[in-house]
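Here is the structure we will look at.
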Amino acid sequence: MAVRAVRGAVQLERDEAGHMDEQVGALLTAILERNDLATDDLISIWFTATPDLHSDFPAAAARKLGIVDVPLICAQELDIEGAMPRVVRVLAHIESDRPRADIAHVYLGAAAALRKDIAQ
């Protein structure tokens, strides 16, 4: 079993905890489904949020999905002028037999514009 990394992102419409839970939950669910993963396949997850998001920790959405025994960490994205606002990004480390080229990176909604080269 190899260690792989899965990327993803979602842009929030507004900075509200319930909305963040919903959108980050949808992102994590899509990552798991598109890569045929179970929570036991997760090693760790890094979340970053743009500096304009203050309502909650993105990792709280993972806990609400039942991802309770996986190390999670949140950090703040760089505050770059002109960057897309209200974005939560994910970097999940997983165990998978899939070749690196077959990993499905998930960019939902407007966040697909961030990585057109790998968004699936």
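So you can find residues: chains in the structure tokens are A, B, ... in the order shown, residues in each start at 1, and ligands are numbered from 1 in order.
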Write out as a short mmCIF file (atom, residue, chain, number, x, y, z; two decimals) with N, CA and C atoms, in the first residue's frame the residues lying within 10 Å of Pro99 of chain A, counting only C-alpha atoms and excluding same-chain residues fewer than 3 positions away.
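Resulting contents of out.cif:
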```
data_model
loop_
_atom_site.label_atom_id
_atom_site.label_comp_id
_atom_site.auth_asym_id
_atom_site.auth_seq_id
_atom_site.Cartn_x
_atom_site.Cartn_y
_atom_site.Cartn_z
N ALA A 2 0.63 2.14 -0.91
CA ALA A 2 1.42 3.37 -1.04
C ALA A 2 0.77 4.52 -0.30
N ARG A 4 -0.27 8.30 -0.66
CA ARG A 4 -0.57 9.25 -1.72
C ARG A 4 -1.12 10.54 -1.09
N SER A 96 -3.25 4.09 -0.45
CA SER A 96 -4.00 3.67 -1.64
C SER A 96 -3.09 2.88 -2.56
N ASP A 102 -3.83 8.32 -11.10
CA ASP A 102 -5.26 7.99 -10.99
C ASP A 102 -5.94 8.62 -9.78
N ILE A 103 -5.21 9.39 -8.99
CA ILE A 103 -5.82 10.05 -7.84
C ILE A 103 -6.71 11.18 -8.35
#
```
Exercise. Which neighbours of segment 74-78 of chain A fall inside 8 Å, counting only C-alpha atoms, when residues of the same chain fewer than 5 positions from it are skipped, and could you give them as a PyMOL selection string?
Worked result: chain A and resi 46-51+57-59
For this session: Kindly give the distance, in Å, that separates atom CA of His54 of chain A and atom CA of Arg14 of chain A, rounded to a single decimal.
Result: 10.5 Å
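The residue that comes closest to Arg7 of chain A, out of A:Ala92, A:Ile73, A:Leu108, A:Ala30 and on the basis of only C-alpha atoms, is A:Ala92.
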Seminar exercise, completed: Closest of A:Ile43, A:Leu65, A:Ile94, A:Ala17 to Ala5 of chain A, counting only C-alpha atoms, is A:Ile94
Exercise. Tell me, which residues of segment 5-115 of chain A carry DSSP strand (DSSP E), written as a VMD selection string?
Worked result: chain A and resid 5 to 11 42 to 49 72 to 76 87 to 96 106 to 108
For this session: Run DSSP on the backbone and give me the residues of segment 17-116 of chain A it puts in alpha helix (DSSP H), as number ranges by chain.
Result: A: 17-34, 59-64
For this session: Compare A:Val106, A:Val70, A:Val3, A:Ala112 by their minimum atom-to-atom distance to Thr29 of chain A, counting only C-alpha atoms, and give me the closest one.
Result: A:Val106
Exercise. Of the candidates A:Met84, A:Ile31, A:Val68, A:Val24, which one gets nearest to Ala104 of chain A if we count only C-alpha atoms?
Worked result: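 Of all the options, A:Ile31 lies closest to Ala104 of chain A.
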For this session: Please provide as a PyMOL selection string all residues within 7 Å of Ala9 of chain A, with the sequence filter that same-chain residues fewer than 2 positions apart are discarded (counting only C-alpha atoms).
Result: chain A and resi 11+87-90+106-108+111
For this session: Write out as a VMD selection string each polymer residue whose atoms come within 9 Å of Asp15 of chain A, counting only C-alpha atoms; drop sequence neighbours fewer than 3 positions from it.
Result: chain A and resid 12 18 to 20 52 to 56 86
Restricted to all heavy atoms, what would the selected residues look like written as a CSV table (one decimal), in the first residue's frame?
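Written out: again26.csv:
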```csv
chain,number,residue,atom,x,y,z
A,12,LEU,N,-16.4,29.2,-0.5
A,12,LEU,CA,-17.6,29.5,0.3
A,12,LEU,C,-18.3,30.7,-0.2
A,12,LEU,O,-17.6,31.7,-0.7
A,12,LEU,CB,-17.3,29.6,1.8
A,12,LEU,CG,-16.5,28.5,2.5
A,12,LEU,CD1,-16.4,28.8,4.0
A,12,LEU,CD2,-17.1,27.2,2.2
A,18,GLY,N,-22.2,27.2,9.7
A,18,GLY,CA,-23.0,26.1,9.1
A,18,GLY,C,-22.7,25.9,7.6
A,18,GLY,O,-22.7,24.8,7.1
A,19,HIS,N,-22.5,27.0,7.0
A,19,HIS,CA,-22.2,27.0,5.5
A,19,HIS,C,-20.8,26.3,5.3
A,19,HIS,O,-20.6,25.5,4.4
A,19,HIS,CB,-22.2,28.4,4.9
A,19,HIS,CG,-21.9,28.4,3.5
A,19,HIS,ND1,-22.7,27.8,2.5
A,19,HIS,CD2,-20.9,29.1,2.8
A,19,HIS,CE1,-22.2,28.0,1.3
A,19,HIS,NE2,-21.1,28.8,1.5
A,20,MET,N,-19.8,26.7,6.2
A,20,MET,CA,-18.5,26.0,6.1
A,20,MET,C,-18.6,24.5,6.3
A,20,MET,O,-18.1,23.7,5.6
A,20,MET,CB,-17.5,26.7,7.1
A,20,MET,CG,-16.1,26.0,6.9
A,20,MET,SD,-14.9,26.7,8.1
A,20,MET,CE,-14.7,28.4,7.4
A,52,ASP,N,-9.9,35.6,5.1
A,52,ASP,CA,-11.2,36.2,5.3
A,52,ASP,C,-12.2,35.3,5.9
A,52,ASP,O,-13.4,35.6,6.1
A,52,ASP,CB,-11.7,36.8,4.0
A,52,ASP,CG,-11.7,35.8,2.9
A,52,ASP,OD1,-11.3,34.6,3.1
A,52,ASP,OD2,-12.0,36.2,1.7
A,53,LEU,N,-11.8,34.1,6.3
A,53,LEU,CA,-12.7,33.1,6.9
A,53,LEU,C,-12.4,33.0,8.4
A,53,LEU,O,-11.3,32.7,8.8
A,53,LEU,CB,-12.6,31.7,6.3
A,53,LEU,CG,-13.0,31.7,4.8
A,53,LEU,CD1,-12.7,30.3,4.2
A,53,LEU,CD2,-14.5,32.0,4.7
A,54,HIS,N,-13.4,33.3,9.2
A,54,HIS,CA,-13.2,33.4,10.7
A,54,HIS,C,-14.3,32.6,11.5
A,54,HIS,O,-14.1,32.5,12.7
A,54,HIS,CB,-13.3,34.8,11.2
A,54,HIS,CG,-12.4,35.8,10.4
A,54,HIS,ND1,-11.1,36.0,10.8
A,54,HIS,CD2,-12.6,36.6,9.4
A,54,HIS,CE1,-10.6,36.8,10.0
A,54,HIS,NE2,-11.5,37.2,9.1
A,55,SER,N,-15.3,32.1,10.8
A,55,SER,CA,-16.5,31.5,11.5
A,55,SER,C,-16.2,30.2,12.2
A,55,SER,O,-16.9,29.9,13.2
A,55,SER,CB,-17.6,31.4,10.6
A,55,SER,OG,-17.4,30.5,9.5
A,56,ASP,N,-15.3,29.4,11.7
A,56,ASP,CA,-15.1,28.1,12.3
A,56,ASP,C,-13.8,27.5,11.7
A,56,ASP,O,-13.2,28.0,10.8
A,56,ASP,CB,-16.2,27.1,12.0
A,56,ASP,CG,-16.4,26.0,13.0
A,56,ASP,OD1,-15.5,25.9,13.9
A,56,ASP,OD2,-17.3,25.2,12.9
A,86,ARG,N,-12.5,33.5,0.3
A,86,ARG,CA,-13.3,32.5,1.0
A,86,ARG,C,-13.1,31.1,0.5
A,86,ARG,O,-14.0,30.4,0.2
A,86,ARG,CB,-14.8,32.9,0.9
A,86,ARG,CG,-15.2,34.2,1.5
A,86,ARG,CD,-16.6,34.6,1.3
A,86,ARG,NE,-17.1,34.3,0.0
A,86,ARG,CZ,-16.9,35.1,-1.1
A,86,ARG,NH1,-16.2,36.2,-1.0
A,86,ARG,NH2,-17.4,34.7,-2.3
```
For this session: In Å, rounded to a single decimal, give me how far atom CA of Asp69 of chain A is from atom CA of Leu28 of chain A.
Result: 15.2 Å
For this session: Point out the residue among A:Ala60, A:Arg98, A:Leu91, A:Val6 with the least atom-to-atom distance to Gly25 of chain A, counting only C-alpha atoms.
Result: A:Ala60
